[in-house]
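Participant: So that we are looking at the same thing, I have put the structure below in C-alpha cells.
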Amino acid sequence: MEKKYFYFQPQYVSRFKCDGSKCDAHCCKEEWNIAVDEDTRKQYERLGAAVTAHLKFHDDKGQYLLDFGGEKYCPFLNEKKLCRLQLKHGESFLSRTCATYPRITNLFGYFLERSLILSCPVVAEMILFEDAPMTFEFVEVPEEIHSHGGKIFLQRTESTEELRAHIIEIQAAMISILQERTLTLDQRLIVLGFFVDRLGEIFSDFDADALTKLIAAYESKKFLAEQVPRMLRAVTFDAEKFFGLMRRLMDEVFGADTMLKNKKFLDTVIVDAPLISEKKFFVAERAGFFENYLVNELFLNIYPWKFEDGNIAQNFSAFVTEYKFFELITFSAARKGFGSRKDLIEVTNWFTTRFDHTKELKRKIFTLVKDAEPFELMNSLLEGSD
C-alpha cells in the first residue's frame, strides 16, 4: 500500500503549476546559482559530455552548479522556455532544486507544512493580488508527489512536545490577527506583538489552559473592541527612529555596496521622515498585497520560531523589521514610478530571492534587533493611529 503524507498548506499550493513560458523562466536565468545534487549529476553523466559540459564545481559551496556559459538562460531550456531534459527523460532527471522550487516543505513535529516562495513571479502574481484572505487546508499527499522521486527539500524545525501539539492552532490565531481588516497593517502587527509576548510567557512554563484562553480571547469581538484600543495606545510611533533604523539596515545588512544599484527601481531607498504620511497612504491603498505577503512570510518561515537560537520575542522582532524594510523598498520603487502590478512583482522577486533563499540576510536582521526591547522596537516600526 502506497504511503501517504498529511500536509497543512495554503490552498493556493494546489493550484500552482510551473511553466517557464509564462514567467520568462525567471528561475533559470544566469543570476541564479542552480545546484545539482550528486544523484542528478550521476544521471547527467549517463547522458554524455553534451550535458556534463554544463556543470561546474563550486569550491566555496562544495557542490556542482549549472554553468550557463555566458548565456542568459539555462542551457537546457528550449525555445519555449521549457526544460529539454525533463521533456525527453522525465521529471526524475531534474535536479532537486529544479524539481521542488518554488515549494518549501517544513517538517514540524507530527506533520508537514508546505508553501510557495514569492521569488517565483507566477507564485507572486497568484498570491499577492488576491482580494480574499489567504485560506489554508489539510491535504493527503501520495509518496510520488511528496518526495519528487526522493528529491524533496525538508526543513526541520526543532520544537518541544507542547509546541508540536499546538502549532497549527497558534499559527491559525496569528494569521487571523494579520487578516483582521478592521485594523491597519501596523495595528495588526502591534496586536500580534502583544499576542506573541503572552505566548512567550505561556511557553516559558507551559500552560495549556492559558494558551487556550489566549487564543479564544484574541478571537473574541469583545476583545477587539475593548482591548485592542489599549494596545494601540501603548505604542508611540517615532518617524525619525523608524528611518534611523532603516538607514542602519541599509548599512549593516546590505553594506556599502547595497546591491540596489543594479536595479533601476531600487537605486535609492527613501529614508526621509517627512514622507511618512505618503508611505502610510501607499500601504493602505495596497493593504491586500501587503497582507498576503505578511501571511505567506509568517507561514513560510515558521515565525516566531525561525531562529532556534532566539526566543519567540526576538523572532517576532526580526519578522516585523524585515517586513517594514520590504514595505519601504516597495514604496521607494513606486515613488520612482515603478508601482505597476508587474513592477511590484519584480520588487517582490528581488527581495525574496535575497531574503528567503538563504538565511544570511535574515540572520543579519535578527542579529541587529534581537537585543532590542520588543515594545521599544515597535515604537520605531509601527504606528497605532489610523
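Chain identifiers are assigned as A, B, and so on, following the order in which chains appear in the C-alpha cells; residues are numbered from 1 within each chain, and ligands are numbered from 1 in order of appearance.
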Within segment 127-313 of chain A, find each residue whose DSSP state, derived from the backbone, is strand (DSSP E), and express the selection as a VMD selection string.
Facilitator: chain A and resid 136 to 142 154 to 156
Participant: Could you save those same residues with N, CA and C atoms as a PDB file, in the first residue's frame?
Facilitator:
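out-v4.pdb, freshly written:
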```pdb
ATOM      1  N   PHE A 136      -6.345  28.177   4.291  1.00  0.00           N
ATOM      2  CA  PHE A 136      -5.456  27.038   4.493  1.00  0.00           C
ATOM      3  C   PHE A 136      -6.262  25.739   4.535  1.00  0.00           C
ATOM      4  N   GLU A 137      -5.560  24.626   4.331  1.00  0.00           N
ATOM      5  CA  GLU A 137      -6.232  23.338   4.261  1.00  0.00           C
ATOM      6  C   GLU A 137      -5.277  22.219   4.658  1.00  0.00           C
ATOM      7  N   PHE A 138      -5.847  21.072   5.036  1.00  0.00           N
ATOM      8  CA  PHE A 138      -5.098  19.831   5.182  1.00  0.00           C
ATOM      9  C   PHE A 138      -5.288  19.027   3.906  1.00  0.00           C
ATOM     10  N   VAL A 139      -4.219  18.470   3.380  1.00  0.00           N
ATOM     11  CA  VAL A 139      -4.325  17.630   2.190  1.00  0.00           C
ATOM     12  C   VAL A 139      -3.553  16.336   2.413  1.00  0.00           C
ATOM     13  N   GLU A 140      -4.030  15.280   1.779  1.00  0.00           N
ATOM     14  CA  GLU A 140      -3.358  13.993   1.802  1.00  0.00           C
ATOM     15  C   GLU A 140      -2.531  13.873   0.533  1.00  0.00           C
ATOM     16  N   VAL A 141      -1.242  13.622   0.689  1.00  0.00           N
ATOM     17  CA  VAL A 141      -0.314  13.640  -0.440  1.00  0.00           C
ATOM     18  C   VAL A 141       0.325  12.264  -0.620  1.00  0.00           C
ATOM     19  N   PRO A 142       0.247  11.690  -1.811  1.00  0.00           N
ATOM     20  CA  PRO A 142       0.888  10.391  -2.051  1.00  0.00           C
ATOM     21  C   PRO A 142       2.409  10.515  -2.091  1.00  0.00           C
ATOM     22  N   LEU A 154      13.515  19.114   2.803  1.00  0.00           N
ATOM     23  CA  LEU A 154      12.792  19.204   4.060  1.00  0.00           C
ATOM     24  C   LEU A 154      13.538  20.122   5.011  1.00  0.00           C
ATOM     25  N   GLN A 155      12.849  21.134   5.521  1.00  0.00           N
ATOM     26  CA  GLN A 155      13.398  21.996   6.549  1.00  0.00           C
ATOM     27  C   GLN A 155      12.821  21.549   7.885  1.00  0.00           C
ATOM     28  N   ARG A 156      13.690  21.132   8.786  1.00  0.00           N
ATOM     29  CA  ARG A 156      13.237  20.640  10.088  1.00  0.00           C
ATOM     30  C   ARG A 156      13.370  21.733  11.138  1.00  0.00           C
TER      31      ARG A 156
END
```
Participant: Got a sec: who's within 10 Å of Lys241 of chain A, counting only C-alpha atoms, leaving out chain neighbours fewer than 5 positions off, as a PDB file with N, CA and C atoms, in the first residue's frame?
Facilitator:
```
ATOM      1  N   MET A 246      15.981  52.135   9.498  1.00  0.00           N
ATOM      2  CA  MET A 246      16.088  51.724   8.095  1.00  0.00           C
ATOM      3  C   MET A 246      17.469  52.042   7.524  1.00  0.00           C
ATOM      4  N   ARG A 247      18.028  53.166   7.943  1.00  0.00           N
ATOM      5  CA  ARG A 247      19.383  53.509   7.482  1.00  0.00           C
ATOM      6  C   ARG A 247      20.391  52.491   8.007  1.00  0.00           C
ATOM      7  N   ALA A 273      11.930  61.258   6.736  1.00  0.00           N
ATOM      8  CA  ALA A 273      10.820  61.250   7.689  1.00  0.00           C
ATOM      9  C   ALA A 273       9.597  62.036   7.223  1.00  0.00           C
ATOM     10  N   LEU A 377      11.103  48.586  20.260  1.00  0.00           N
ATOM     11  CA  LEU A 377      11.301  48.435  18.818  1.00  0.00           C
ATOM     12  C   LEU A 377      10.019  48.755  18.066  1.00  0.00           C
ATOM     13  N   ASN A 379       7.883  50.939  18.777  1.00  0.00           N
ATOM     14  CA  ASN A 379       7.770  52.394  18.670  1.00  0.00           C
ATOM     15  C   ASN A 379       8.554  52.935  17.481  1.00  0.00           C
ATOM     16  N   SER A 380       9.570  52.189  17.055  1.00  0.00           N
ATOM     17  CA  SER A 380      10.372  52.607  15.916  1.00  0.00           C
ATOM     18  C   SER A 380       9.843  52.072  14.599  1.00  0.00           C
ATOM     19  N   LEU A 381       8.895  51.143  14.657  1.00  0.00           N
ATOM     20  CA  LEU A 381       8.465  50.487  13.433  1.00  0.00           C
ATOM     21  C   LEU A 381       6.989  50.657  13.125  1.00  0.00           C
TER      22      LEU A 381
END
```
Participant: Between A:Phe355, A:Phe299, A:Phe375, A:Tyr218, which one has atoms that come closest to Phe8 of chain A, using only C-alpha atoms?
Facilitator: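 Residue with the minimum atom-to-atom distance to Phe8 of chain A: A:Phe299.
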Participant: So, with only C-alpha atoms as the atoms that count, which of A:Phe206, A:Tyr73, A:Phe289, A:Phe57 lies closest to Arg341 of chain A?
Facilitator: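 Of A:Phe206, A:Tyr73, A:Phe289, A:Phe57, the one nearest Arg341 of chain A, counting only C-alpha atoms, is A:Phe289.
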Participant: Can you tell me, as a PyMOL selection string, which residues in segment 116-339 of chain A count as helix (DSSP H, G or I) by DSSP?
Facilitator: chain A and resi 121-128+143-147+161-178+185-204+208-218+221-226+228-233+239-254+273-285+287-300+312-335
Participant: Counting only C-alpha atoms, what is within 12 Å of Leu47 of chain A, bar same-chain residues fewer than 5 positions away, as a list in words?
Facilitator: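 Non-adjacent residues within range: Thr40, Arg41, Lys42, Thr52, Ala53, His54, Leu85, Lys88, His89 and Phe93 of chain A.
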Participant: So what do you get for atom CA of Lys222 of chain A versus atom CA of Met378 of chain A, distance-wise?
Facilitator: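 Going from atom CA of Lys222 of chain A over to atom CA of Met378 of chain A, I get 24.4 Å.
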Participant: Which residue is closest to Lys280 of chain A? Choose from A:Phe351, A:Phe325, A:Tyr293, A:Phe331 and count only C-alpha atoms.
Facilitator: A:Phe331
Participant: Select, from A:Asp37, A:Asp19, A:Glu376, A:Asp386, the residue with the minimum atom-to-atom distance to Pro229 of chain A, counting only C-alpha atoms.
Facilitator: A:Asp386
Participant: Tell me which protein, DNA and RNA residues are within 10 Å of segment 160-164 of chain A, counting only C-alpha atoms, leaving out same-chain ones fewer than 4 positions away, and put them as number ranges by chain.
Facilitator: A: 108-111, 168, 170, 203, 206-208
Participant: Mind dumping the selected residues with N, CA and C atoms as a compact mmCIF listing (two decimals), in the first residue's frame?
Facilitator:
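Dumped everything to again-v3.txt:
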```txt
# COMPACT_ATOMS: atom_id res chain seq x y z
N PHE A 108 7.43 19.78 10.90
CA PHE A 108 7.23 20.41 12.21
C PHE A 108 6.50 19.41 13.09
N GLY A 109 7.27 18.55 13.75
CA GLY A 109 6.63 17.61 14.66
C GLY A 109 5.96 16.48 13.92
N TYR A 110 4.64 16.41 14.05
CA TYR A 110 3.89 15.27 13.56
C TYR A 110 3.45 15.40 12.10
N PHE A 111 3.67 16.51 11.50
CA PHE A 111 3.10 16.74 10.18
C PHE A 111 4.03 17.62 9.36
N ILE A 168 -0.49 24.34 15.02
CA ILE A 168 -1.45 24.77 13.99
C ILE A 168 -2.45 25.76 14.55
N ILE A 170 -1.98 27.80 16.98
CA ILE A 170 -1.27 29.06 17.20
C ILE A 170 -1.08 29.79 15.88
N PHE A 203 4.84 29.67 27.12
CA PHE A 203 5.75 28.57 26.79
C PHE A 203 6.99 28.55 27.69
N PHE A 206 5.05 25.99 30.38
CA PHE A 206 3.88 25.73 29.55
C PHE A 206 2.60 25.49 30.34
N ASP A 207 1.56 26.19 29.88
CA ASP A 207 0.24 26.11 30.49
C ASP A 207 -0.79 25.99 29.36
N ALA A 208 -1.29 24.77 29.12
CA ALA A 208 -2.21 24.53 28.02
C ALA A 208 -3.50 25.31 28.17
```
Participant: Show which residues sit within 12 Å of segment 225-227 of chain A, as a VMD selection string. Count only C-alpha atoms, and ignore same-chain residues fewer than 6 positions away.
Facilitator: chain A and resid 182 to 183 191 194 to 195 217 to 219 233 to 234
Participant: What does the distance between atom CA of Pro304 of chain A and atom CA of Phe316 of chain A come to in Å, to one decimal place?
Facilitator: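 That distance, rounded to one decimal, is 5.3 Å.
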Participant: Pick the closest to Glu125 of chain A from A:Lys342, A:Lys4, A:Arg181, A:Lys213: which is it, counting only C-alpha atoms?
Facilitator: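 The answer is A:Lys342, which sits nearest to Glu125 of chain A.
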Participant: For Asn292 of chain A, which of A:Gln179, A:Ser115, A:Thr212, A:Gln43 is the closest residue, counting only C-alpha atoms?
Facilitator: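 For Asn292 of chain A, the nearest of the candidates is A:Gln179.
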